[in-house]
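Colleague: This is the content of target.cif (mmCIF, C-alpha atoms):
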```cif
data_run
loop_
_atom_site.label_atom_id
_atom_site.label_comp_id
_atom_site.auth_asym_id
_atom_site.auth_seq_id
_atom_site.Cartn_x
_atom_site.Cartn_y
_atom_site.Cartn_z
CA MET G 25 17.55 -25.45 -7.37
CA ASP G 26 18.21 -28.99 -8.45
CA ARG G 27 19.03 -28.08 -12.03
CA PRO G 28 22.43 -29.36 -13.15
CA ALA G 29 24.56 -26.56 -14.46
CA LEU G 30 25.34 -26.75 -18.15
CA PRO G 31 28.92 -26.30 -19.36
CA GLY G 32 29.75 -22.62 -19.55
CA GLN G 33 26.53 -21.58 -17.83
CA THR G 34 26.85 -18.43 -15.75
CA GLY G 35 23.20 -17.82 -14.95
CA TYR G 36 19.68 -19.08 -15.50
CA LEU G 37 16.06 -17.94 -15.34
CA ILE G 38 12.86 -19.95 -15.37
CA LEU G 39 9.67 -18.06 -16.18
CA ASN G 40 6.07 -19.18 -16.18
CA SER G 41 3.76 -18.51 -19.11
CA GLU G 42 2.88 -15.07 -17.74
CA GLY G 43 6.51 -14.02 -17.65
CA ALA G 44 6.91 -14.17 -13.87
CA VAL G 45 10.23 -15.40 -12.57
CA LEU G 46 9.87 -18.86 -10.97
CA ALA G 47 13.54 -19.51 -10.33
CA SER G 48 16.82 -17.80 -11.05
CA GLY G 49 20.50 -17.98 -10.22
CA GLY G 50 24.00 -16.88 -11.11
CA ASP G 51 24.35 -13.80 -13.29
CA LEU G 52 20.60 -13.72 -13.85
CA ASP G 53 19.66 -13.92 -10.17
CA ASN G 54 16.30 -12.11 -9.86
CA ASP G 55 17.00 -10.38 -13.15
CA GLU G 56 13.46 -9.43 -14.01
CA LYS G 57 14.58 -6.87 -16.57
CA THR G 58 16.33 -9.50 -18.69
CA ALA G 59 13.36 -11.80 -18.21
CA GLN G 60 10.95 -9.18 -19.49
CA THR G 61 13.21 -8.22 -22.40
CA LEU G 62 13.61 -11.79 -23.58
CA GLN G 63 9.90 -12.48 -23.15
CA GLU G 64 9.15 -9.48 -25.35
CA LEU G 65 11.76 -10.65 -27.83
CA ILE G 66 10.01 -14.00 -28.21
CA GLY G 67 6.76 -12.20 -28.96
CA LEU G 68 8.48 -9.83 -31.37
CA ALA G 69 10.17 -12.69 -33.21
CA ASN G 70 6.79 -14.43 -33.46
CA ASP G 71 5.24 -11.30 -34.95
CA ARG G 72 8.02 -10.85 -37.51
CA LEU G 73 8.44 -14.47 -38.60
CA ASP G 74 5.80 -16.44 -40.40
CA SER G 75 5.98 -19.81 -38.66
CA GLU G 76 4.09 -21.49 -41.50
CA ALA G 77 6.93 -20.61 -43.85
CA PHE G 78 9.21 -23.00 -41.94
CA GLU G 79 8.90 -26.74 -42.07
CA GLN G 80 9.37 -27.24 -38.35
CA GLY G 81 8.93 -25.19 -35.23
CA PHE G 82 11.72 -23.42 -33.42
CA ARG G 83 13.22 -25.16 -30.44
CA ARG G 84 15.72 -22.58 -29.27
CA LEU G 85 16.26 -18.88 -29.53
CA THR G 86 19.87 -17.75 -29.13
CA ILE G 87 21.08 -14.20 -28.76
CA THR G 88 24.81 -14.27 -29.40
CA TYR G 89 27.28 -11.65 -28.26
CA ASP G 90 31.05 -11.69 -28.66
CA ASP G 91 31.77 -13.37 -25.34
CA HIS G 92 28.42 -14.67 -24.08
CA ALA G 93 25.05 -15.82 -25.31
CA TYR G 94 21.47 -16.00 -24.04
CA MET G 95 19.58 -19.15 -24.93
CA VAL G 96 15.83 -19.43 -24.58
CA CYS G 97 13.68 -22.50 -24.89
CA LEU G 98 10.16 -23.54 -23.92
CA SER G 99 9.49 -26.69 -21.95
CA ASN G 100 6.47 -27.81 -19.97
CA ARG G 101 4.85 -24.40 -20.47
CA LYS G 102 7.82 -22.73 -18.83
CA VAL G 103 10.42 -20.51 -20.45
CA TYR G 104 14.00 -21.50 -19.69
CA ILE G 105 16.68 -18.88 -20.15
CA ILE G 106 20.37 -19.71 -19.86
CA LYS G 107 23.30 -17.35 -20.02
CA ARG G 108 26.41 -19.07 -21.36
CA GLN G 109 29.98 -17.94 -21.64
CA ILE G 110 31.44 -18.44 -25.09
CA GLU G 111 34.85 -20.03 -25.21
CA VAL G 112 37.38 -18.22 -27.37
CA GLY G 113 38.09 -21.37 -29.33
CA GLU G 114 34.42 -22.32 -29.73
CA MET B 7 -30.16 40.13 14.14
CA GLY B 8 -33.15 38.92 12.22
CA CYS B 9 -31.40 35.68 11.60
CA CYS B 10 -30.79 35.17 15.28
CA TRP B 11 -34.34 35.96 16.08
CA SER B 12 -35.79 33.56 13.56
CA LEU B 13 -33.46 30.87 14.81
CA PHE B 14 -34.55 31.29 18.39
CA CYS B 15 -38.14 31.44 17.37
CA LYS B 16 -37.80 28.18 15.52
CA ASP B 17 -36.03 26.58 18.43
CA ASP B 18 -38.85 27.61 20.68
CA SER B 19 -41.45 26.27 18.33
CA SER B 20 -39.68 22.92 17.98
CA SER B 21 -39.26 22.58 21.71
CA GLN B 22 -42.85 23.59 22.27
CA ASN B 23 -43.96 21.07 19.74
CA GLY B 24 -42.37 18.36 21.83
CA GLU B 25 -39.70 16.94 19.50
CA PRO B 26 -38.50 13.51 20.75
CA ASN B 27 -35.13 14.33 22.24
CA GLU B 28 -32.13 16.63 22.13
CA ARG B 29 -30.06 14.43 19.83
CA THR B 30 -32.12 14.91 16.70
CA HIS B 31 -32.27 18.58 17.46
CA LEU B 32 -28.47 18.81 17.50
CA LEU B 33 -28.07 16.96 14.20
CA ILE B 34 -30.60 19.02 12.34
CA ASP B 35 -29.62 22.41 13.74
CA PRO B 36 -26.82 23.37 11.30
CA VAL B 37 -28.81 22.32 8.26
CA SER B 38 -31.90 24.25 9.28
CA ASN B 39 -29.64 27.20 9.97
CA ASN B 40 -28.73 27.29 6.30
CA THR B 41 -32.32 27.21 5.15
CA ASN B 42 -33.12 30.02 7.55
CA ILE B 43 -30.37 32.21 6.15
CA GLN B 44 -31.77 31.76 2.66
CA ARG B 45 -35.20 32.76 3.71
CA VAL B 46 -34.41 35.71 5.94
CA SER B 47 -35.99 38.98 4.89
CA SER B 48 -38.13 41.47 6.69
CA GLU B 49 -41.31 40.50 4.83
CA ASP B 50 -40.65 36.87 5.52
CA ILE B 51 -40.34 37.49 9.22
CA LEU B 52 -43.57 39.41 9.20
CA SER B 53 -45.46 36.75 7.34
CA ARG B 54 -44.03 34.14 9.64
CA ASN B 55 -45.36 36.09 12.59
CA SER B 56 -48.82 36.41 11.13
CA ASN B 57 -49.37 32.80 9.97
CA THR B 58 -47.29 30.60 12.17
CA LEU B 59 -49.23 27.39 11.71
CA PRO B 60 -48.71 26.67 7.98
CA LYS B 61 -45.05 27.67 8.26
CA LYS B 62 -44.64 25.33 11.15
CA THR B 63 -45.94 22.36 9.15
CA ASP B 64 -43.68 23.31 6.27
CA GLU B 65 -40.69 23.40 8.53
CA GLN B 66 -41.73 20.13 10.11
CA SER B 67 -41.86 18.40 6.73
CA ALA B 68 -38.56 19.95 5.72
CA LEU B 69 -36.97 18.88 8.96
CA SER B 70 -38.28 15.35 8.70
CA ARG B 71 -37.05 15.20 5.12
CA ILE B 72 -33.58 16.32 6.22
CA LEU B 73 -33.64 13.82 9.03
CA GLN B 74 -34.55 11.06 6.61
CA GLU B 75 -31.78 12.03 4.19
CA THR B 76 -29.27 12.10 7.00
CA ALA B 77 -30.41 8.69 8.19
CA THR B 78 -29.94 7.20 4.73
CA ASN B 79 -26.48 8.72 4.47
CA VAL B 80 -25.32 7.56 7.87
CA ILE B 81 -23.59 4.17 8.04
CA ASP B 82 -24.48 2.51 11.32
CA VAL B 83 -21.54 0.24 12.05
CA ALA B 84 -23.14 -1.53 14.99
CA ALA B 85 -26.24 -2.39 12.95
CA LEU B 86 -24.08 -3.70 10.10
CA ASP B 87 -22.23 -5.96 12.47
CA SER B 88 -25.35 -7.67 13.74
CA HIS B 89 -26.66 -7.94 10.18
CA ASN B 90 -23.60 -9.87 8.97
CA LEU B 91 -23.98 -12.56 11.59
CA GLN B 92 -26.63 -14.42 9.57
CA GLN B 93 -25.20 -17.86 8.90
CA HIS B 94 -27.05 -18.72 5.70
CA GLU B 95 -26.22 -15.32 4.23
CA TYR B 96 -22.58 -15.92 5.01
CA SER B 97 -22.55 -19.27 3.21
CA GLU B 98 -24.41 -17.75 0.28
CA ARG B 99 -21.75 -15.14 -0.09
CA VAL B 100 -19.03 -17.78 0.10
CA LYS B 101 -20.73 -19.62 -2.75
CA MET B 102 -21.07 -16.47 -4.81
CA TYR B 103 -17.44 -15.46 -4.36
CA ASN B 104 -16.26 -18.97 -5.22
CA THR B 105 -18.19 -18.95 -8.48
CA ARG B 106 -16.79 -15.52 -9.32
CA VAL B 107 -13.23 -16.71 -8.66
CA GLN B 108 -13.80 -19.74 -10.88
CA GLN B 109 -15.10 -17.51 -13.67
CA VAL B 110 -12.05 -15.25 -13.48
CA LEU B 111 -9.73 -18.25 -13.39
CA THR B 112 -11.26 -19.85 -16.48
CA THR B 113 -11.05 -16.61 -18.48
CA ASN B 114 -7.44 -16.17 -17.37
CA ARG B 115 -6.63 -19.72 -18.39
CA ASN B 116 -7.89 -18.98 -21.90
CA VAL B 117 -5.65 -15.93 -22.03
CA LEU B 118 -2.68 -18.03 -20.91
CA THR B 119 -3.18 -20.71 -23.52
CA ASN B 120 -3.53 -18.04 -26.18
CA LYS B 121 -0.28 -16.50 -25.01
CA LEU B 122 1.50 -19.83 -25.30
CA LYS B 123 0.02 -20.49 -28.72
CA SER B 124 1.43 -17.23 -29.97
CA CYS B 125 4.86 -18.19 -28.66
CA LEU B 126 7.49 -18.65 -31.33
CA LEU B 127 9.14 -21.60 -29.60
CA GLN B 128 7.69 -25.06 -29.51
CA ASP B 129 7.44 -27.00 -26.29
CA VAL B 130 10.36 -29.42 -25.88
CA PRO B 131 10.51 -32.25 -23.35
CA GLN B 132 14.07 -31.78 -22.11
CA PRO B 133 15.25 -28.18 -21.93
CA GLU B 134 18.74 -29.18 -20.78
CA LYS B 135 19.35 -31.02 -24.04
CA VAL B 136 18.29 -28.08 -26.19
CA LEU B 137 20.07 -25.48 -24.10
CA GLY B 138 23.21 -27.60 -23.75
CA ALA B 139 23.52 -28.17 -27.48
CA ASP B 140 26.42 -26.56 -29.28
CA LEU B 141 26.22 -22.92 -30.12
CA ILE B 142 26.19 -21.77 -33.67
CA SER B 143 29.75 -21.65 -34.96
CA LYS B 144 31.70 -18.44 -35.44
CA ASP B 145 31.99 -19.11 -39.16
CA ASP B 146 28.23 -19.37 -39.54
CA ILE B 147 27.72 -16.17 -37.56
CA SER B 148 30.22 -14.29 -39.68
CA LEU B 149 28.66 -15.71 -42.86
CA ILE B 150 25.21 -14.54 -41.76
CA SER B 151 26.38 -11.10 -40.68
CA ASN B 152 28.44 -10.64 -43.85
CA SER B 153 25.53 -11.56 -46.11
CA ILE B 154 23.21 -9.28 -44.18
CA THR B 155 25.68 -6.42 -44.45
CA ALA B 156 26.03 -7.05 -48.17
CA ALA B 157 22.26 -7.15 -48.61
CA LEU B 158 21.87 -3.95 -46.59
CA ASN B 159 24.50 -2.22 -48.71
CA ALA B 160 22.77 -3.40 -51.87
CA ILE B 161 19.44 -2.05 -50.62
CA ASN B 162 21.02 1.25 -49.75
CA ASP B 163 22.60 1.47 -53.19
CA ILE B 164 19.28 1.19 -54.99
CA LYS B 165 18.71 4.40 -56.92
CA VAL B 166 15.92 5.48 -59.19
CA ASP B 167 17.27 6.83 -62.45
CA HIS B 168 14.38 8.73 -64.00
CA LYS B 169 14.50 9.43 -67.72
CA GLU B 170 10.96 10.53 -68.48
CA ASP B 171 8.78 13.15 -66.92
CA LEU B 172 6.92 12.02 -63.86
CA VAL B 173 3.82 13.99 -64.85
CA VAL B 174 2.50 13.05 -68.28
CA PRO B 175 -0.42 14.93 -69.86
CA PHE B 176 -2.99 12.59 -71.38
CA GLY B 177 -4.63 13.50 -74.67
CA LEU B 178 -3.59 17.11 -74.51
CA ASP B 179 -1.43 18.85 -77.04
CA CYS B 180 1.05 20.93 -75.18
#
```
Just give me the structure of the file as structure tokens.

Modeller:
Amino acid sequence: MDRPALPGQTGYLILNSEGAVLASGGDLDNDEKTAQTLQELIGLANDRLDSEAFEQGFRRLTITYDDHAYMVCLSNRKVYIIKRQIEVGE
Amino acid sequence: MGCCWSLFCKDDSSSQNGEPNERTHLLIDPVSNNTNIQRVSSEDILSRNSNTLPKKTDEQSALSRILQETATNVIDVAALDSHNLQQHEYSERVKMYNTRVQQVLTTNRNVLTNKLKSCLLQDVPQPEKVLGADLISKDDISLISNSITAALNAINDIKVDHKEDLVVPFGLDC
């Protein structure tokens, strides 16, 4: 995969609009379970939030844990998921 | 015993009648056996002896009917093979299947676009930029979680302090 690794990135997933894994690597190598969970989470967030109540659309969805975070964004009709390590000082 | 006799009798009659060949005879035999078992009774045998001709025609029609049913149920692989070799039929089917595939694809495409429309996130040109941006700071996270905890506690503390009766009689002197 020719994607440049982001700082602190430990894994990535790229899904198509149906939720199928197109590419993956690192911690998330072939992690279809995480892919499905996050895909469902996007749908759930869309059901719970009224997008018209916000002035602009959402560009990124971040699920933050104590030491790592999942970041999801949509680009070119593909869902990009990145797992990032959180620095202690960050 | 009677069953055996009627069977043999029928065999004789069919062979006497000059049925085409042994093959059909073999196919039909077990089925006709069943019908014979249903019919067997002493009176039946007697009547069969006395008027053989009408019974024979009946059996002939029954047999031909069974033969016809068997023929419709049998799948002749060799005949199918030669049937499929028609060139124009082949191309017709190719056309039909192509149109079907296109139909399915277009309906699926509609489903896909609907799925994307219902997506919470908006399409961004450069995912690396968005994903590489700084994470939300620890202070903000603690602020959010603290306020949510406070709100949750407040909701849990809500109590209803009732002072009047819940059921009130209207226009009735108690």

Colleague: Show me, as an MDAnalysis selection string, the residues that have an atom within 10 Å of Pro133 (chain B) when counting all atoms listed in the file, minus same-chain residues fewer than 4 positions from it.

Modeller: (chainID G and resid 83:84 96:100 102:105) or (chainID B and resid 129 137:139)

Colleague: I need the residues from that last selection saved to file as a PDB file, keeping the file's coordinate frame (with C-alpha atoms), if you can.

Modeller:
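Once written, selection_27.pdb looks like this:
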```pdb
ATOM      1  CA  ARG G  83      13.220 -25.160 -30.440  1.00  0.00           C
ATOM      2  CA  ARG G  84      15.720 -22.580 -29.270  1.00  0.00           C
ATOM      3  CA  VAL G  96      15.830 -19.430 -24.580  1.00  0.00           C
ATOM      4  CA  CYS G  97      13.680 -22.500 -24.890  1.00  0.00           C
ATOM      5  CA  LEU G  98      10.160 -23.540 -23.920  1.00  0.00           C
ATOM      6  CA  SER G  99       9.490 -26.690 -21.950  1.00  0.00           C
ATOM      7  CA  ASN G 100       6.470 -27.810 -19.970  1.00  0.00           C
ATOM      8  CA  LYS G 102       7.820 -22.730 -18.830  1.00  0.00           C
ATOM      9  CA  VAL G 103      10.420 -20.510 -20.450  1.00  0.00           C
ATOM     10  CA  TYR G 104      14.000 -21.500 -19.690  1.00  0.00           C
ATOM     11  CA  ILE G 105      16.680 -18.880 -20.150  1.00  0.00           C
TER      12      ILE G 105
ATOM     13  CA  ASP B 129       7.440 -27.000 -26.290  1.00  0.00           C
ATOM     14  CA  LEU B 137      20.070 -25.480 -24.100  1.00  0.00           C
ATOM     15  CA  GLY B 138      23.210 -27.600 -23.750  1.00  0.00           C
ATOM     16  CA  ALA B 139      23.520 -28.170 -27.480  1.00  0.00           C
TER      17      ALA B 139
END
```

Colleague: Of the candidates B:Ile161, B:Ile142, B:Ala77, B:Val100, which one gets nearest to chain G if we count only C-alpha atoms?

Modeller: B:Ile142

Colleague: Let me make sure I understand: among B:Gln109, B:Lys165, B:Ile154, B:Pro131, which one has the smallest atom-to-atom distance to chain G if we use only C-alpha atoms?

Modeller: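 Using only C-alpha atoms, the shortest distance to chain G belongs to B:Pro131.
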
Colleague: Do you have the CA of Asn152 (chain B)-CA of His92 (chain G) distance handy?

Modeller: 20.2 Å

Colleague: Can you list what the PyMOL selection byres ((chain G and resi 32) around 10) grabs from this structure, as a compact mmCIF listing (two decimals) with C-alpha atoms, keeping the file's coordinate frame?

Modeller:
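Produced file part-v2.txt, reproduced below:
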```
# COMPACT_ATOMS: atom_id res chain seq x y z
CA ALA G 29 24.56 -26.56 -14.46
CA LEU G 30 25.34 -26.75 -18.15
CA PRO G 31 28.92 -26.30 -19.36
CA GLN G 33 26.53 -21.58 -17.83
CA THR G 34 26.85 -18.43 -15.75
CA GLY G 35 23.20 -17.82 -14.95
CA HIS G 92 28.42 -14.67 -24.08
CA ILE G 106 20.37 -19.71 -19.86
CA LYS G 107 23.30 -17.35 -20.02
CA ARG G 108 26.41 -19.07 -21.36
CA GLN G 109 29.98 -17.94 -21.64
CA ILE G 110 31.44 -18.44 -25.09
CA GLU G 111 34.85 -20.03 -25.21
CA GLY B 138 23.21 -27.60 -23.75
```

Colleague: Counting all atoms listed in the file, which of G:Arg72, G:Ile38, G:Val45, G:Ile66 gets nearest to chain B?

Modeller: G:Ile66

Colleague: Extract, using all atoms listed in the file, all DNA, RNA and protein residues at most 12 Å from Phe82 (chain G), discarding same-chain residues fewer than 2 positions from it, and format them as an mmCIF file with C-alpha atoms, in the coordinates of the input.

Modeller:
```cif
data_model
loop_
_atom_site.group_PDB
_atom_site.id
_atom_site.type_symbol
_atom_site.label_atom_id
_atom_site.label_comp_id
_atom_site.auth_asym_id
_atom_site.auth_seq_id
_atom_site.Cartn_x
_atom_site.Cartn_y
_atom_site.Cartn_z
ATOM 1 C CA ILE G 66 10.010 -14.000 -28.210
ATOM 2 C CA ALA G 69 10.170 -12.690 -33.210
ATOM 3 C CA ASN G 70 6.790 -14.430 -33.460
ATOM 4 C CA LEU G 73 8.440 -14.470 -38.600
ATOM 5 C CA ASP G 74 5.800 -16.440 -40.400
ATOM 6 C CA SER G 75 5.980 -19.810 -38.660
ATOM 7 C CA GLU G 76 4.090 -21.490 -41.500
ATOM 8 C CA ALA G 77 6.930 -20.610 -43.850
ATOM 9 C CA PHE G 78 9.210 -23.000 -41.940
ATOM 10 C CA GLU G 79 8.900 -26.740 -42.070
ATOM 11 C CA GLN G 80 9.370 -27.240 -38.350
ATOM 12 C CA ARG G 84 15.720 -22.580 -29.270
ATOM 13 C CA LEU G 85 16.260 -18.880 -29.530
ATOM 14 C CA THR G 86 19.870 -17.750 -29.130
ATOM 15 C CA VAL G 96 15.830 -19.430 -24.580
ATOM 16 C CA CYS G 97 13.680 -22.500 -24.890
ATOM 17 C CA LEU G 98 10.160 -23.540 -23.920
ATOM 18 C CA CYS B 125 4.860 -18.190 -28.660
ATOM 19 C CA LEU B 126 7.490 -18.650 -31.330
ATOM 20 C CA LEU B 127 9.140 -21.600 -29.600
ATOM 21 C CA GLN B 128 7.690 -25.060 -29.510
ATOM 22 C CA ASP B 129 7.440 -27.000 -26.290
ATOM 23 C CA VAL B 130 10.360 -29.420 -25.880
ATOM 24 C CA VAL B 136 18.290 -28.080 -26.190
#
```

Colleague: Considering all atoms listed in the file, state which residue in the set B:Asn162, B:Ser153, B:Thr63, B:Ser148 is at the smallest distance from chain G.

Modeller: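 Of all the options, B:Ser148 lies closest to chain G.
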
Colleague: Restricting the calculation to all atoms listed in the file, which member of B:Glu65, B:Asp145, B:Asp167, B:Asp82 is positioned closest to chain G?

Modeller: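 That would be B:Asp145, the residue with the smallest distance to chain G.
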
Colleague: Hey, can you check how far CA of Gly67 (chain G) sits from CA of Leu46 (chain G)?

Modeller: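 Spanning CA of Gly67 (chain G) to CA of Leu46 (chain G) is a straight-line distance of 19.4 Å.
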
Colleague: Please provide the set of residues having any atom within 9 Å of Gly49 (chain G), restricted to all atoms listed in the file, with same-chain residues fewer than 4 positions apart removed, written as a list of chain:residue names.

Modeller: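 My reading of the contact set: G:Met25, G:Thr34, G:Gly35, G:Tyr36, G:Leu37, G:Asp53, G:Asn54, G:Asp55.
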
Colleague: Just C-alpha atoms for this one: save the residues we selected as a JSON list (two decimals), in the frame of the given file.

Modeller:
```json
[["chain", "number", "residue", "atom", "x", "y", "z"],
["G", 25, "MET", "CA", 17.55, -25.45, -7.37],
["G", 34, "THR", "CA", 26.85, -18.43, -15.75],
["G", 35, "GLY", "CA", 23.20, -17.82, -14.95],
["G", 36, "TYR", "CA", 19.68, -19.08, -15.50],
["G", 37, "LEU", "CA", 16.06, -17.94, -15.34],
["G", 53, "ASP", "CA", 19.66, -13.92, -10.17],
["G", 54, "ASN", "CA", 16.30, -12.11, -9.86],
["G", 55, "ASP", "CA", 17.00, -10.38, -13.15]]
```

Colleague: What does the distance from CA of Ser151 (chain B) to CA of Leu68 (chain G) come to in Å, to one decimal?

Modeller: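 Distance reported for this atom pair: 20.2 Å.
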
Colleague: So which one's closest to chain B, G:Ala44, G:Gln60, G:Asp51, G:Asp71? Using all atoms listed in the file, please.

Modeller: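 Selected residue with least distance to chain B: G:Asp71.
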
Colleague: From the block I gave, I'd like region 44-96 of chain G written with C-alpha atoms, as a PDB file, in the first residue's frame.

Modeller:
```pdb
ATOM      1  CA  ALA G  44     -16.005  -4.499   2.559  1.00  0.00           C
ATOM      2  CA  VAL G  45     -12.330  -4.230   3.415  1.00  0.00           C
ATOM      3  CA  LEU G  46     -10.334  -2.893   0.435  1.00  0.00           C
ATOM      4  CA  ALA G  47      -6.989  -2.550   2.170  1.00  0.00           C
ATOM      5  CA  SER G  48      -5.633  -2.990   5.656  1.00  0.00           C
ATOM      6  CA  GLY G  49      -2.385  -3.116   7.575  1.00  0.00           C
ATOM      7  CA  GLY G  50      -0.690  -2.974  10.942  1.00  0.00           C
ATOM      8  CA  ASP G  51      -2.844  -3.633  13.996  1.00  0.00           C
ATOM      9  CA  LEU G  52      -5.967  -3.639  11.841  1.00  0.00           C
ATOM     10  CA  ASP G  53      -4.666  -6.127   9.279  1.00  0.00           C
ATOM     11  CA  ASN G  54      -7.757  -7.926   7.924  1.00  0.00           C
ATOM     12  CA  ASP G  55      -9.667  -6.823  10.998  1.00  0.00           C
ATOM     13  CA  GLU G  56     -13.156  -7.219   9.622  1.00  0.00           C
ATOM     14  CA  LYS G  57     -14.706  -7.178  13.073  1.00  0.00           C
ATOM     15  CA  THR G  58     -13.426  -3.674  13.809  1.00  0.00           C
ATOM     16  CA  ALA G  59     -14.431  -2.618  10.309  1.00  0.00           C
ATOM     17  CA  GLN G  60     -17.990  -3.814  10.827  1.00  0.00           C
ATOM     18  CA  THR G  61     -18.218  -2.295  14.307  1.00  0.00           C
ATOM     19  CA  LEU G  62     -17.057   1.119  13.154  1.00  0.00           C
ATOM     20  CA  GLN G  63     -19.312   0.989  10.100  1.00  0.00           C
ATOM     21  CA  GLU G  64     -22.259   0.299  12.384  1.00  0.00           C
ATOM     22  CA  LEU G  65     -21.129   3.084  14.684  1.00  0.00           C
ATOM     23  CA  ILE G  66     -21.245   5.591  11.835  1.00  0.00           C
ATOM     24  CA  GLY G  67     -24.805   4.534  11.070  1.00  0.00           C
ATOM     25  CA  LEU G  68     -25.754   4.659  14.741  1.00  0.00           C
ATOM     26  CA  ALA G  69     -24.278   8.135  15.159  1.00  0.00           C
ATOM     27  CA  ASN G  70     -26.202   9.249  12.075  1.00  0.00           C
ATOM     28  CA  ASP G  71     -29.433   7.909  13.556  1.00  0.00           C
ATOM     29  CA  ARG G  72     -28.885   9.611  16.911  1.00  0.00           C
ATOM     30  CA  LEU G  73     -27.638  12.986  15.701  1.00  0.00           C
ATOM     31  CA  ASP G  74     -29.730  15.417  13.736  1.00  0.00           C
ATOM     32  CA  SER G  75     -27.293  16.638  11.098  1.00  0.00           C
ATOM     33  CA  GLU G  76     -29.491  19.637  10.312  1.00  0.00           C
ATOM     34  CA  ALA G  77     -28.963  20.890  13.853  1.00  0.00           C
ATOM     35  CA  PHE G  78     -25.281  21.476  13.065  1.00  0.00           C
ATOM     36  CA  GLU G  79     -24.028  24.214  10.821  1.00  0.00           C
ATOM     37  CA  GLN G  80     -21.525  22.033   9.004  1.00  0.00           C
ATOM     38  CA  GLY G  81     -21.073  18.365   8.313  1.00  0.00           C
ATOM     39  CA  PHE G  82     -18.784  16.095  10.254  1.00  0.00           C
ATOM     40  CA  ARG G  83     -15.389  15.404   8.787  1.00  0.00           C
ATOM     41  CA  ARG G  84     -13.987  12.969  11.304  1.00  0.00           C
ATOM     42  CA  LEU G  85     -15.246  10.540  13.871  1.00  0.00           C
ATOM     43  CA  THR G  86     -12.812   9.777  16.689  1.00  0.00           C
ATOM     44  CA  ILE G  87     -13.188   7.082  19.304  1.00  0.00           C
ATOM     45  CA  THR G  88     -10.719   7.906  22.047  1.00  0.00           C
ATOM     46  CA  TYR G  89      -9.365   5.455  24.586  1.00  0.00           C
ATOM     47  CA  ASP G  90      -6.746   6.102  27.250  1.00  0.00           C
ATOM     48  CA  ASP G  91      -3.775   5.059  25.134  1.00  0.00           C
ATOM     49  CA  HIS G  92      -5.079   4.819  21.563  1.00  0.00           C
ATOM     50  CA  ALA G  93      -7.761   6.196  19.298  1.00  0.00           C
ATOM     51  CA  TYR G  94      -9.694   5.134  16.205  1.00  0.00           C
ATOM     52  CA  MET G  95     -10.261   7.836  13.625  1.00  0.00           C
ATOM     53  CA  VAL G  96     -12.759   7.470  10.813  1.00  0.00           C
TER      54      VAL G  96
END
```
